[in-house]
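Note: the block below is input_19.txt and it holds compact mmCIF, N, CA and C atoms.
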```txt
# COMPACT_ATOMS: atom_id res chain seq x y z
N MET A 287 12.18 -7.14 -2.04
CA MET A 287 11.24 -8.06 -2.66
C MET A 287 11.68 -8.33 -4.09
N THR A 288 11.49 -9.53 -4.50
CA THR A 288 11.75 -9.85 -5.90
C THR A 288 10.59 -9.31 -6.74
N PRO A 289 10.77 -9.14 -8.04
CA PRO A 289 9.66 -8.69 -8.88
C PRO A 289 8.45 -9.61 -8.80
N GLU A 290 8.66 -10.89 -8.64
CA GLU A 290 7.54 -11.85 -8.53
C GLU A 290 6.74 -11.63 -7.26
N VAL A 291 7.43 -11.38 -6.15
CA VAL A 291 6.75 -11.13 -4.88
C VAL A 291 6.04 -9.79 -4.92
N LEU A 292 6.70 -8.78 -5.47
CA LEU A 292 6.09 -7.45 -5.58
C LEU A 292 4.81 -7.50 -6.40
N GLU A 293 4.81 -8.30 -7.44
CA GLU A 293 3.62 -8.44 -8.29
C GLU A 293 2.44 -9.01 -7.52
N LYS A 294 2.69 -9.87 -6.54
CA LYS A 294 1.62 -10.52 -5.77
C LYS A 294 1.34 -9.85 -4.42
N ALA A 295 2.08 -8.81 -4.08
CA ALA A 295 2.01 -8.21 -2.74
C ALA A 295 0.62 -7.74 -2.34
N PHE A 296 -0.22 -7.37 -3.31
CA PHE A 296 -1.55 -6.86 -2.98
C PHE A 296 -2.65 -7.91 -3.14
N GLU A 297 -2.26 -9.15 -3.39
CA GLU A 297 -3.25 -10.23 -3.47
C GLU A 297 -3.60 -10.68 -2.06
N PRO A 298 -4.91 -10.71 -1.73
CA PRO A 298 -5.30 -11.19 -0.40
C PRO A 298 -4.80 -12.61 -0.16
N LEU A 299 -4.34 -12.86 1.04
CA LEU A 299 -3.85 -14.15 1.53
C LEU A 299 -2.48 -14.53 0.99
N PHE A 300 -1.81 -13.64 0.24
CA PHE A 300 -0.44 -13.93 -0.21
C PHE A 300 0.53 -13.52 0.88
N SER A 301 1.45 -14.41 1.21
CA SER A 301 2.46 -14.11 2.22
C SER A 301 3.72 -14.91 1.92
N THR A 302 4.85 -14.34 2.26
CA THR A 302 6.11 -15.05 2.15
C THR A 302 6.57 -15.51 3.52
N LYS A 303 5.78 -15.24 4.54
CA LYS A 303 6.14 -15.56 5.92
C LYS A 303 5.35 -16.77 6.42
N GLY A 304 5.83 -17.37 7.46
CA GLY A 304 5.17 -18.53 8.04
C GLY A 304 4.11 -18.16 9.06
N PHE A 305 3.87 -16.86 9.26
CA PHE A 305 2.86 -16.40 10.21
C PHE A 305 2.05 -15.30 9.55
N GLY A 306 0.92 -14.95 10.13
CA GLY A 306 0.06 -13.93 9.53
C GLY A 306 -0.84 -14.54 8.47
N VAL A 307 -1.74 -13.70 7.95
CA VAL A 307 -2.69 -14.22 6.97
C VAL A 307 -2.58 -13.54 5.61
N GLY A 308 -1.64 -12.61 5.45
CA GLY A 308 -1.45 -11.98 4.15
C GLY A 308 -2.51 -10.96 3.78
N LEU A 309 -3.03 -10.26 4.77
CA LEU A 309 -4.06 -9.25 4.49
C LEU A 309 -3.57 -7.83 4.72
N GLY A 310 -2.38 -7.63 5.21
CA GLY A 310 -1.89 -6.30 5.55
C GLY A 310 -1.82 -5.36 4.36
N MET A 311 -1.08 -5.72 3.33
CA MET A 311 -0.91 -4.84 2.17
C MET A 311 -2.24 -4.59 1.45
N PRO A 312 -3.04 -5.63 1.18
CA PRO A 312 -4.33 -5.35 0.51
C PRO A 312 -5.24 -4.46 1.34
N THR A 313 -5.23 -4.63 2.66
CA THR A 313 -6.08 -3.82 3.54
C THR A 313 -5.64 -2.37 3.53
N ILE A 314 -4.33 -2.13 3.64
CA ILE A 314 -3.83 -0.75 3.62
C ILE A 314 -4.16 -0.08 2.30
N LYS A 315 -3.96 -0.78 1.19
CA LYS A 315 -4.26 -0.21 -0.12
C LYS A 315 -5.74 0.15 -0.23
N GLN A 316 -6.60 -0.73 0.23
CA GLN A 316 -8.05 -0.47 0.18
C GLN A 316 -8.43 0.74 1.02
N ILE A 317 -7.89 0.85 2.21
CA ILE A 317 -8.19 1.99 3.08
C ILE A 317 -7.73 3.29 2.44
N MET A 318 -6.51 3.30 1.89
CA MET A 318 -5.99 4.50 1.25
C MET A 318 -6.88 4.92 0.08
N GLU A 319 -7.30 3.97 -0.75
CA GLU A 319 -8.14 4.29 -1.89
C GLU A 319 -9.52 4.76 -1.47
N GLN A 320 -10.07 4.21 -0.38
CA GLN A 320 -11.37 4.65 0.12
C GLN A 320 -11.34 6.11 0.58
N HIS A 321 -10.18 6.60 0.94
CA HIS A 321 -10.03 7.98 1.38
C HIS A 321 -9.48 8.88 0.28
N GLY A 322 -9.50 8.39 -0.95
CA GLY A 322 -9.08 9.19 -2.08
C GLY A 322 -7.58 9.24 -2.29
N GLY A 323 -6.86 8.40 -1.59
CA GLY A 323 -5.40 8.37 -1.70
C GLY A 323 -4.91 7.16 -2.46
N GLY A 324 -3.71 6.78 -2.19
CA GLY A 324 -3.14 5.64 -2.87
C GLY A 324 -1.87 5.15 -2.20
N MET A 325 -1.27 4.18 -2.85
CA MET A 325 -0.10 3.52 -2.29
C MET A 325 0.79 3.04 -3.43
N GLU A 326 2.09 3.28 -3.32
CA GLU A 326 3.05 2.79 -4.30
C GLU A 326 4.14 2.02 -3.57
N VAL A 327 4.56 0.92 -4.15
CA VAL A 327 5.64 0.13 -3.57
C VAL A 327 6.70 -0.07 -4.63
N SER A 328 7.94 0.21 -4.28
CA SER A 328 9.06 -0.10 -5.17
C SER A 328 10.08 -0.88 -4.35
N SER A 329 10.74 -1.82 -4.99
CA SER A 329 11.66 -2.66 -4.26
C SER A 329 12.78 -3.15 -5.15
N GLU A 330 13.93 -3.29 -4.54
CA GLU A 330 15.07 -3.90 -5.22
C GLU A 330 15.56 -5.02 -4.30
N ALA A 331 15.45 -6.25 -4.78
CA ALA A 331 15.81 -7.41 -3.97
C ALA A 331 17.21 -7.25 -3.39
N GLY A 332 17.31 -7.46 -2.09
CA GLY A 332 18.59 -7.36 -1.42
C GLY A 332 19.01 -5.95 -1.03
N HIS A 333 18.24 -4.94 -1.45
CA HIS A 333 18.61 -3.56 -1.15
C HIS A 333 17.55 -2.81 -0.35
N GLY A 334 16.31 -3.23 -0.43
CA GLY A 334 15.27 -2.57 0.36
C GLY A 334 14.00 -2.30 -0.42
N THR A 335 12.99 -1.91 0.32
CA THR A 335 11.67 -1.64 -0.23
C THR A 335 11.21 -0.28 0.27
N THR A 336 10.59 0.48 -0.63
CA THR A 336 10.03 1.78 -0.28
C THR A 336 8.52 1.73 -0.50
N VAL A 337 7.78 2.15 0.51
CA VAL A 337 6.32 2.22 0.41
C VAL A 337 5.93 3.68 0.58
N VAL A 338 5.19 4.21 -0.38
CA VAL A 338 4.74 5.60 -0.34
C VAL A 338 3.22 5.59 -0.24
N LEU A 339 2.70 6.25 0.79
CA LEU A 339 1.26 6.40 0.98
C LEU A 339 0.92 7.87 0.79
N TRP A 340 -0.20 8.15 0.14
CA TRP A 340 -0.61 9.54 0.00
C TRP A 340 -2.11 9.68 0.16
N LEU A 341 -2.48 10.85 0.68
CA LEU A 341 -3.88 11.24 0.86
C LEU A 341 -4.07 12.61 0.24
N PRO A 342 -5.26 12.90 -0.25
CA PRO A 342 -5.49 14.22 -0.84
C PRO A 342 -5.52 15.31 0.23
N VAL A 343 -5.10 16.49 -0.16
CA VAL A 343 -5.16 17.64 0.73
C VAL A 343 -6.53 18.29 0.55
N GLU A 344 -7.22 18.53 1.65
CA GLU A 344 -8.52 19.18 1.55
C GLU A 344 -8.34 20.68 1.46
N ASN A 345 -9.18 21.32 0.69
CA ASN A 345 -9.13 22.77 0.56
C ASN A 345 -9.87 23.37 1.74
N GLN A 346 -9.13 24.03 2.64
CA GLN A 346 -9.74 24.57 3.85
C GLN A 346 -10.71 25.71 3.54
N GLN A 347 -10.55 26.42 2.42
CA GLN A 347 -11.48 27.48 2.06
C GLN A 347 -12.85 26.91 1.74
N GLU A 348 -12.88 25.75 1.09
CA GLU A 348 -14.17 25.11 0.78
C GLU A 348 -14.87 24.66 2.05
N GLU A 349 -14.11 24.18 3.03
CA GLU A 349 -14.69 23.74 4.29
C GLU A 349 -15.29 24.90 5.07
N ALA A 350 -14.66 26.07 5.01
CA ALA A 350 -15.13 27.24 5.76
C ALA A 350 -16.42 27.82 5.18
N ALA A 351 -16.67 27.56 3.92
CA ALA A 351 -17.85 28.15 3.27
C ALA A 351 -19.14 27.53 3.70
```
Would it be possible to restate this file's structure as structure tokens?
Amino acid sequence: MTPEVLEKAFEPLFSTKGFGVGLGMPTIKQIMEQHGGGMEVSSEAGHGTTVVLWLPVENQQEEAA
């Protein structure tokens, strides 16, 4: 992705493709944040894109109590 595309990647209805509605990235980010996690995207045009998703680890000792 170019820096310009990466900047807009989380805007609803933004797409560089001729199909789809551009809701995938914003939806994934919202779901991750609702669960206390997050999402990072890094990209170098012509070389590839890396997407990192993370969720918090629950403390099993607190759950057992």
Q: Go through chain A and collect every residue that DSSP, computed from the backbone, puts in strand (DSSP E); the answer should be as a PyMOL selection string.
A: chain A and resi 324-330+334-340
Q: Kindly indicate which residue among A:Val307, A:Leu292, A:Leu341, A:Ile314 lies nearest to Val327 of chain A, using only N, CA and C atoms for the distances.
A: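 With only N, CA and C atoms as the atom set, the closest residue is A:Leu292.
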(Q) If DSSP is run on the backbone, what residues of chain A are helix (DSSP H, G or I)? A reply as a VMD selection string would be ideal. (A) chain A and resid 289 to 294 310 to 320 346 to 350
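Note that the spacing between atom CA of Gly304 of chain A and atom CA of Thr288 of chain A amounts to 17.7 Å.
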Q | Length of the atom CA of Met311 of chain A to atom N of Phe296 of chain A vector [Å] | A | 6.1 Å
Q | Residue among A:Val343, A:Met287, A:Ala295, A:Val338 lying closest to Gly308 of chain A, counting all atoms listed in the file | A |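 Of A:Val343, A:Met287, A:Ala295, A:Val338, the one nearest Gly308 of chain A is A:Ala295, counting all atoms listed in the file.
Using only C-alpha atoms, the nearest neighbour of Trp340 of chain A within the list A:Glu293, A:Ser328, A:Glu319, A:Leu309 is A:Glu319.
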Q) At what distance in Å, to one decimal, does atom CA of Glu290 of chain A lie from atom N of Pro342 of chain A? A) 29.1 Å
**Q.** Option closest in space to Gly310 of chain A, from A:Leu339, A:Gly334, A:Pro298, A:Glu344 [counting only C-alpha atoms]
**A.**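 Smallest distance to Gly310 of chain A is found for A:Pro298.
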Using only the atoms of segment 314-332 of chain A listed in the file, plus 3 Å on each side, state the axis-aligned box centre and edge lengths in Å rounded to one decimal, as JSON.
```
{"center_x": 3.8, "center_y": 0.9, "center_z": -0.8, "size_x": 36.4, "size_y": 22.7, "size_z": 14.9}
```
